[in-house]
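Right, one structure below, let's go through it.
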Protein chains: 2
Amino acid sequence: MAQRTNRKKNVTLKEVAEYAGVSVMTVSNVVNDWPYVSDEMRLKVQEAIDALGYRPSALARSLVTGRSRTVGVVLPDISNPFFGQAIRGCEDVLTEQGYSFFLCNTDEDPQKEKAALETLISRGVDALIIWGSRSECDELYKLIGNDLPVVAIDSPAPQLCMNSTYIYADNIQGAETATLHLIHHGRKTVGHLAGPSQRRLTAQQRLAGYKQALENSAIPYNADFVMEGKPSIRGGYQAALHLLQKHTPAALFCYNDLMAIGAIVAIQQSGLEVPDDIAIVGFDDIFTASLVVPPLTTVRIQQYDLGKLSSNLLLERLQKGGMPPNAVNFPVELVVRDSCGATRLSKEQKQEMMENLVTSLAVDLPNDTDTNE
Amino acid sequence: MAQRTNRKKNVTLKEVAEYAGVSVMTVSNVVNDWPYVSDEMRLKVQEAIDALGYRPSALARSLVTGRSRTVGVVLPDISNPFFGQAIRGCEDVLTEQGYSFFLCNTDEDPQKEKAALETLISRGVDALIIWGSRSECDELYKLIGNDLPVVAIDSPAPQLCMNSTYIYADNIQGAETATLHLIHHGRKTVGHLAGPSQRRLTAQQRLAGYKQALENSAIPYNADFVMEGKPSIRGGYQAALHLLQKHTPAALFCYNDLMAIGAIVAIQQSGLEVPDDIAIVGFDDIFTASLVVPPLTTVRIQQYDLGKLSSNLLLERLQKGGMPPNAVNFPVELVVRDSCGATRLSKEQKQEMMENLVTSLAVDLPNDTDTNE
DNA sequence: TTGTAGGCGTTATCAA
DNA sequence: TTGATAACGCCTACAA
């Protein structure tokens with residue numbers, strides 16, 4: 001008798017049906033644009049719907065249809081501008097097709113990732129977009145099974161065992177191009193500030209591309225010129241300082257833009273100049289890359305487009321069904337600005353700029369979260 | 001007889017019950033940690049759950065309980081780094097409490113906002129976080145009603161008519177502080193690059209704070225020194241150029257950091273220097289603000305904390321129920337770097353840095369989305 | 001402590 | 001073309 005507690009009172013199909021003096025199915029048919037409804041009925045029902053302010057319950061609908069028009073998006077960290085762009089691409093595609101999505105951050109923590117997937121599945125998502133997964137393939141399989149379509153981006157080879165599409169940004173190629181660019185512009189010794197290769201597939205790939213470039217140029221690989229660090233400004237700063245204590249390469253190819261920015265600061269603090277003494281190339285082309293001084297030469301990943309692509313491929317899988325696993329390559333491109341020294345804008349006054357950068361960075365480093373990309 | 005099409009086969013309570021040889025309610029009680037279950041039962045049921053890989057359906061649960069543990073987050077644009085930070089704050093709080101959330105971008109388009117809200121409500125969200133709403137108060141009310149808890153941030157006064165909490169970053173105070181800072185450092189004429197005051201409450205507030213500072217300093221307000229533009233780098237660039245064609249204020253307080261960055265470029269192109277000829281102060285303290293040259297003096301909004309606050313207040317409303325509308329002030333703080341000229345780091349060589357900035361910006365401006373903040 | 005019945009709001013099925 | 005009824009998977013209420 002008593003209202004259930006906490007229950008939101010919403011207008012239901014049944015109420016609309018009673019109001020209009022028809023059956024619930026008729027109302028349902030009108031709502032879903034079923035063709036075999038007389039105009040008279042349609043009008044009458046529509047009036048009732050408007051009068052009562054009826055809104056169909058997606059929940060109830062999902063329960064009975066088994067499809068929710070809902071997607072789970074799992075990624076490392078939305079506060080990372082890279083993913084902000086990317087997910088915007090997802091959203092635009094998904095929303096247009098009537099899908100909503102849940103967002104989950106993992107911080108690249110396998111535990112959090114697992115929890116997120118569990119939650120999403122129990123919420124009945126129709127599909128998953130997984131960015132930079134850290135789970136093993138068989139573990140993912142155990143969690144997800146073969147029924148749920150998955151698009152995995154920059155994750156370790158889940159295409160082997162699932163109803164999934166695997167997208168990889170062309171990290172190897174991009175890293176090779178970047179490194180070759182430096183070599184071809186006369187930098188004899190090119191070092192590499194590597195990302196966390198244990199945790200990130202992309203870090204491994206970019207390192208591989210770097211090595212490949214050396215090999216193609218008949219330059220022997222020297223581990224002394226490679227320093228691993230966290231993929232943040234501070235991580236790049238520290239890795240570069242370490243490296244500079246023993247060696248002074250003519251150029252550094254960095255895992256990503258943030259590390260590159262950190263490297264610039266470190267180089268400057270060491271009394272050297274970018275790009276005159278050490279040239280720098282980053283990766284990603286985040287928004288900030290063009291705004292720092294010197295503007296960063298970098299390998300651009302069109303983040304928004306990548307997000308769109310992922311969602312489009314997901315929708316395709318959702319609509320067709322029974323598609324075999326497949327892998328898709330996402331191209332990247334070198335964007336030449338000043339930090340690589342290929343252009344001729346540099347002068348000695350960069351000293352001053354760098355001091356400013358150092359000053360301001362010193363203030364902000366404490367707030368720099370290490371997981372930021 | 002035939003399987004329904006497209007239906008995902010999931011293990012149900014009933015199947016677990018049969019497997020364990022108990023009733024569904026016993027299983028349900030175990031799943032929900034009901035206290036009055038014998039250890040024996042609990043064990044038996046738990047085994048069945050594990051054996052079958054049972055996962056409760058949040059959908060079915062929501063349908064019957066009327067609560068989904070789901071929140072809708074509506075904001076202008078997630079690719080805007082400001083919101084990336086903010087939403088991360090939301091996520092951390094919500095996830096910890098077992099809530100998932102849907103993300104919707106509005107691009108500050110009332111149509112999209114309305115569509116998003118309709119969708120979210122029909123999906124059965126328990127509450128809403130609405131950022132920078134552009135809907136009228138009564139329209140929101142019509143859409144949402146009084147049952148759904150709402151936290152509105154930097155939106156026009158929805159607190160008047162709903163089960164809502166209204167959070168406003170202290171834009172007026174912040175703008176006043178920024179402007180006074182410029183005045184107190186000897187800038188006689190302080191102009192303002194305003195945001196889109198028709199569309200954004202925050203733009204109105206920051207303009208108001210600017211005017212207030214003038215008034216408190218007994219400086220007459222002069223509309224010639226205020227120029228409105230889009231809240232982007234390009235918007236700031238264009239607005240500044242316009243302004244500079246007729247006047248040369250000693251300082252510019254800008255609606256946000258992006259406009260400030262654009263203004264720096266424009267000033268430099270006009271053969272002037274920041275901060276020597278014209279001092280600049282921005283607003284927001286986005287990630288990039290400390291990385292440009294000169295590093296930007298700005299009014300910091302702790303974006304992550306703001307996100308956390310919004311979600312905490314929402315949860316409070318969700319748990320207590322029947323709370324009256326209330327408004328919460330979120331403090332901001334001036335962060336002094338170089339662009340305001342209060343510190344003494346500037347030299348003539350900034351010319352060179354600026355040229356670099358200009359060069360790189362010229363390349364990237366076509367990709368600059370005007371809605372970015 | 002456990003089980004049974006009913007219903008949450010919708011769609012699928014099939015009969016009228 | 002319309003309508004009655006049975007699911008969908010779960011929880012609340014109440015009975016055993």
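Identifiers in this document derive from the order of the structure tokens: chains are assigned A, B, ..., residues are numbered from 1 separately in each chain, and ligands are numbered from 1 in order of occurrence.
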Item to complete: Excluding DC8 (chain D) and any residue of its chain fewer than 5 positions from it, enumerate the residues within 12 Å of it, using only C-alpha atoms (C1' of nucleotides), and give them as an MDAnalysis selection string.
Response: (chainID A and resid 59:67) or (chainID B and resid 4 7:10 12 57 59:61 63:64) or (chainID C and resid 8:12)
Practice prompt. Would you kindly report the residues of chain A within 6 Å of chain B, using only C-alpha atoms, as an MDAnalysis selection string?
Written response: chainID A and resid 7 57:59 66 78:79 81 84:85 88 101:102 122:123 288 290:292 349 360
Serialized selection, C-alpha atoms, as an mmCIF file, in the first residue's frame:
```cif
data_model
loop_
_atom_site.group_PDB
_atom_site.id
_atom_site.type_symbol
_atom_site.label_atom_id
_atom_site.label_comp_id
_atom_site.auth_asym_id
_atom_site.auth_seq_id
_atom_site.Cartn_x
_atom_site.Cartn_y
_atom_site.Cartn_z
ATOM 1 C CA ARG A 7 11.035 5.298 -5.462
ATOM 2 C CA SER A 57 12.240 3.711 -19.159
ATOM 3 C CA ALA A 58 15.450 2.638 -20.821
ATOM 4 C CA LEU A 59 16.034 0.377 -17.866
ATOM 5 C CA GLY A 66 18.834 -7.512 -23.604
ATOM 6 C CA ILE A 78 40.525 11.400 -18.390
ATOM 7 C CA SER A 79 42.377 14.364 -16.916
ATOM 8 C CA PRO A 81 44.407 15.956 -22.295
ATOM 9 C CA GLY A 84 40.007 14.270 -23.293
ATOM 10 C CA GLN A 85 40.352 14.735 -27.005
ATOM 11 C CA ARG A 88 35.275 13.516 -27.305
ATOM 12 C CA PHE A 101 28.500 5.716 -22.286
ATOM 13 C CA PHE A 102 29.967 5.109 -18.887
ATOM 14 C CA SER A 122 26.826 -5.939 -14.642
ATOM 15 C CA ARG A 123 25.353 -2.647 -15.769
ATOM 16 C CA THR A 288 50.319 22.209 -25.131
ATOM 17 C CA SER A 290 52.792 24.006 -29.753
ATOM 18 C CA LEU A 291 52.675 26.480 -26.893
ATOM 19 C CA VAL A 292 55.875 25.732 -25.050
ATOM 20 C CA GLN A 349 68.260 34.336 -26.166
ATOM 21 C CA SER A 360 57.171 28.412 -13.480
#
```
Neighbours of chain B in chain C at 7 Å, counting only C-alpha atoms (C1' of nucleotides), as a compact mmCIF listing (two decimals) with N, CA and C atoms (P, O5', C5', C4', C3', O3' and C1' of nucleotides), in the first residue's frame:
```txt
# COMPACT_ATOMS: atom_id res chain seq x y z
P DT C 1 19.57 -16.67 12.11
O5' DT C 1 19.09 -17.30 10.72
C5' DT C 1 19.42 -18.63 10.51
C4' DT C 1 18.38 -19.19 9.60
C3' DT C 1 18.59 -18.88 8.12
O3' DT C 1 18.92 -20.09 7.47
C1' DT C 1 16.31 -18.67 8.78
P DT C 2 19.27 -20.23 5.98
O5' DT C 2 17.83 -20.30 5.31
C5' DT C 2 17.18 -21.57 5.20
C4' DT C 2 15.82 -21.37 4.59
C3' DT C 2 15.81 -21.08 3.09
O3' DT C 2 15.34 -22.23 2.43
C1' DT C 2 14.18 -19.80 4.28
P DG C 3 15.19 -22.21 0.85
O5' DG C 3 13.66 -21.78 0.67
C5' DG C 3 12.64 -22.61 1.22
C4' DG C 3 11.28 -22.01 0.93
C3' DG C 3 11.00 -21.77 -0.56
O3' DG C 3 9.72 -22.30 -0.87
C1' DG C 3 10.62 -19.79 0.68
P DC C 8 4.05 -2.53 -10.20
O5' DC C 8 5.45 -1.92 -10.60
C5' DC C 8 6.39 -1.51 -9.63
C4' DC C 8 7.76 -1.50 -10.27
C3' DC C 8 7.72 -1.10 -11.74
O3' DC C 8 7.99 0.29 -11.84
C1' DC C 8 9.15 -3.02 -11.35
```
Counting only C-alpha atoms (C1' of nucleotides), which residues of chain D sit at most 8 Å from some atom of chain B, and what is each one's closest atom pair with its distance in Å to one decimal, listed by chain and rising residue number, as JSON lines?
```
{"residue": "D:DC8", "atom": "C1'", "partner": "B:Ala60", "partner_atom": "CA", "distance": 7.9}
{"residue": "D:DG9", "atom": "C1'", "partner": "B:Ala60", "partner_atom": "CA", "distance": 5.1}
{"residue": "D:DC10", "atom": "C1'", "partner": "B:Arg61", "partner_atom": "CA", "distance": 5.1}
{"residue": "D:DC11", "atom": "C1'", "partner": "B:Val64", "partner_atom": "CA", "distance": 6.1}
```
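Pairwise distance (CA of Gln269 (chain A), CA of Arg234 (chain A)) equals 13.6 Å.
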